Amino acid sequence: MKILITGVAGFIGFHLAKRLISENEEVIGVDNLSSYYDVNLKLARLKQIEDYKNFKFIKVDLKDTKYVFSLFEEEKFDYILHMAAQAGVRYSLENPYQYIDSNIFATVNLFEAIRKHQIKHFVLASTSSVYGANKNIPFSVHHNVDHPISLYAATKKSAELISHYYSAIFNIPTTVLRFFTVYGPWGRPDMALFIFTKNILEDKPIDVYNYGKMKRDFTYIDDIVEGVVRVMRRVPQKNSYWDAENPDPATSFAPYKIYNIGNNQPVELLKFIEVIEECLGKKSKKNLLPLQPGDVIETYADVDDLIKDVGFKPQTPIEVGIKKFVEWYKSFYSK
């Protein structure tokens, strides 16, 4: 198989590439090496995989329509794992156009290229943020998600809808994966675990929003990768029982499916911080703040469909995952 991974220098894209390379798949990775966060971290990730014969990296911005089309003309992909996106809830408040370009325009470019060069399966990375104002816990893929409270979430939901259009009209098998608060080694510097670890080690206070009264379904990176790989190899079929009068958002008359990938076990933010402190052997200085615009109080993934269809449920406890992150962080930043 030849697999295209977009955002391959990113946190999830890198781990996916590493896993698939180890399984002797042919992987083409693309990334624009955006300066949203430290490019040196992205380059260090790539350095871990660049020498493998079954991996090729291409620096490209997916907004470059002409180049994307030429890439598909040159490389005959079997699978596409579209992990590239502009992430971050708070950043979207100040930089809206970047989200439109990266999360919507780039996705359309890929699908337009696929129209001319058919593939076996397109997998889109989405986010738990699409559940927005929904307070029906746990979040199910069968719930309506039409009330986003951040532009980031709105653009990711838009990408989901765009994917359905291409799946329905051009018969492109497509799966959407909604990730829940991914963490682990090589994680993003804008994520809570990274910021908390860094600040605690440097004796700086950590900002704790909503006074710590929040819960997140923290999901370890290896569990995310396992879920993505299993789903990739299960090409979605049309649901012959789909009812247009009572439409199920998670399936379709088209070859289209949506899954949550989350730990299915929300953790209180203060408990999360407590585990970080234990792994570091050092207490934090907390700066308690109100809830920020765009944030939700709790995320909690219903993963019943994932279990039923691919036989997998994320289950790495935070005590294990945070310990591995802290070990990586200390090793990487001690250089």
# chains A, B, ... in the order shown; residues from 1 in each chain; ligands from 1
>>> residues_around(residues="stretch 71-84 of chain A", least_positions_apart="5", cutoff="7 Å", atoms="only C-alpha atoms", output="PDB file with N, CA and C atoms, in the first residue's frame")
ATOM      1  N   MET A   1       0.834  -1.195   0.000  1.00  0.00           N
ATOM      2  CA  MET A   1       0.000   0.000   0.000  1.00  0.00           C
ATOM      3  C   MET A   1       0.871   1.247   0.000  1.00  0.00           C
ATOM      4  N   LYS A   2       0.381   2.279  -0.654  1.00  0.00           N
ATOM      5  CA  LYS A   2       1.040   3.575  -0.592  1.00  0.00           C
ATOM      6  C   LYS A   2       0.105   4.520   0.161  1.00  0.00           C
ATOM      7  N   ILE A   3       0.613   5.080   1.257  1.00  0.00           N
ATOM      8  CA  ILE A   3      -0.214   5.880   2.156  1.00  0.00           C
ATOM      9  C   ILE A   3       0.313   7.307   2.213  1.00  0.00           C
ATOM     10  N   LEU A   4      -0.575   8.265   1.969  1.00  0.00           N
ATOM     11  CA  LEU A   4      -0.240   9.677   2.136  1.00  0.00           C
ATOM     12  C   LEU A   4      -0.666  10.112   3.533  1.00  0.00           C
ATOM     13  N   ILE A   5       0.273  10.662   4.287  1.00  0.00           N
ATOM     14  CA  ILE A   5      -0.044  11.242   5.594  1.00  0.00           C
ATOM     15  C   ILE A   5       0.199  12.740   5.500  1.00  0.00           C
ATOM     16  N   THR A   6      -0.846  13.528   5.651  1.00  0.00           N
ATOM     17  CA  THR A   6      -0.678  14.981   5.680  1.00  0.00           C
ATOM     18  C   THR A   6      -0.406  15.405   7.117  1.00  0.00           C
ATOM     19  N   GLY A   7       0.351  16.502   7.274  1.00  0.00           N
ATOM     20  CA  GLY A   7       0.732  16.926   8.622  1.00  0.00           C
ATOM     21  C   GLY A   7       1.677  15.937   9.284  1.00  0.00           C
ATOM     22  N   GLY A  13       0.492  12.934  13.172  1.00  0.00           N
ATOM     23  CA  GLY A  13       0.999  12.481  11.875  1.00  0.00           C
ATOM     24  C   GLY A  13       2.335  11.768  11.994  1.00  0.00           C
ATOM     25  N   ALA A 113      -8.314  16.592  -5.964  1.00  0.00           N
ATOM     26  CA  ALA A 113      -7.277  15.737  -6.559  1.00  0.00           C
ATOM     27  C   ALA A 113      -7.731  14.282  -6.589  1.00  0.00           C
ATOM     28  N   HIS A 117      -7.992  10.944  -9.266  1.00  0.00           N
ATOM     29  CA  HIS A 117      -7.114   9.805  -8.960  1.00  0.00           C
ATOM     30  C   HIS A 117      -7.723   9.045  -7.781  1.00  0.00           C
ATOM     31  N   ILE A 119      -8.929   6.685  -4.816  1.00  0.00           N
ATOM     32  CA  ILE A 119      -8.191   5.998  -3.758  1.00  0.00           C
ATOM     33  C   ILE A 119      -9.117   4.974  -3.087  1.00  0.00           C
ATOM     34  N   LYS A 120      -8.553   4.183  -2.183  1.00  0.00           N
ATOM     35  CA  LYS A 120      -9.349   3.170  -1.483  1.00  0.00           C
ATOM     36  C   LYS A 120     -10.074   3.737  -0.268  1.00  0.00           C
ATOM     37  N   HIS A 121      -9.443   4.727   0.413  1.00  0.00           N
ATOM     38  CA  HIS A 121     -10.028   5.209   1.672  1.00  0.00           C
ATOM     39  C   HIS A 121      -9.408   6.546   2.064  1.00  0.00           C
ATOM     40  N   PHE A 122     -10.257   7.496   2.419  1.00  0.00           N
ATOM     41  CA  PHE A 122      -9.818   8.795   2.922  1.00  0.00           C
ATOM     42  C   PHE A 122     -10.202   8.880   4.391  1.00  0.00           C
ATOM     43  N   VAL A 123      -9.221   9.153   5.257  1.00  0.00           N
ATOM     44  CA  VAL A 123      -9.475   9.263   6.703  1.00  0.00           C
ATOM     45  C   VAL A 123      -9.183  10.690   7.136  1.00  0.00           C
ATOM     46  N   LEU A 124     -10.186  11.334   7.710  1.00  0.00           N
ATOM     47  CA  LEU A 124     -10.077  12.732   8.128  1.00  0.00           C
ATOM     48  C   LEU A 124      -9.963  12.839   9.645  1.00  0.00           C
ATOM     49  N   ALA A 125      -8.943  13.530  10.115  1.00  0.00           N
ATOM     50  CA  ALA A 125      -8.814  13.809  11.546  1.00  0.00           C
ATOM     51  C   ALA A 125      -9.739  14.957  11.917  1.00  0.00           C
TER      52      ALA A 125
END
>>> residues_around(residues="A:Asp51", least_positions_apart="5", cutoff="12 Å", atoms="only C-alpha atoms", output="list in words")
Lys18, Ile21, Arg45, Leu46, Lys56 and Phe57 of chain A
>>> atom_distance(atom1="atom CA of A:Pro314", atom2="atom CA of A:Val182")
11.2 Å
>>> closest_residue(among="A:Asn103, A:Thr299, A:Ser334, A:Thr181", to="A:Ile137", atoms="only C-alpha atoms")
A:Thr299
>>> closest_residue(among="A:Phe69, A:Tyr211, A:Phe14, A:Phe105", to="A:Ile49", atoms="only C-alpha atoms")
A:Phe14
>>> closest_residue(among="A:Ser284, A:Thr316, A:Asn144, A:Thr197", to="A:Tyr131", atoms="only C-alpha atoms")
A:Asn144
>>> closest_residue(among="A:Arg19, A:Arg188, A:Lys198, A:Lys324", to="A:Tyr220", atoms="only C-alpha atoms")
A:Lys324
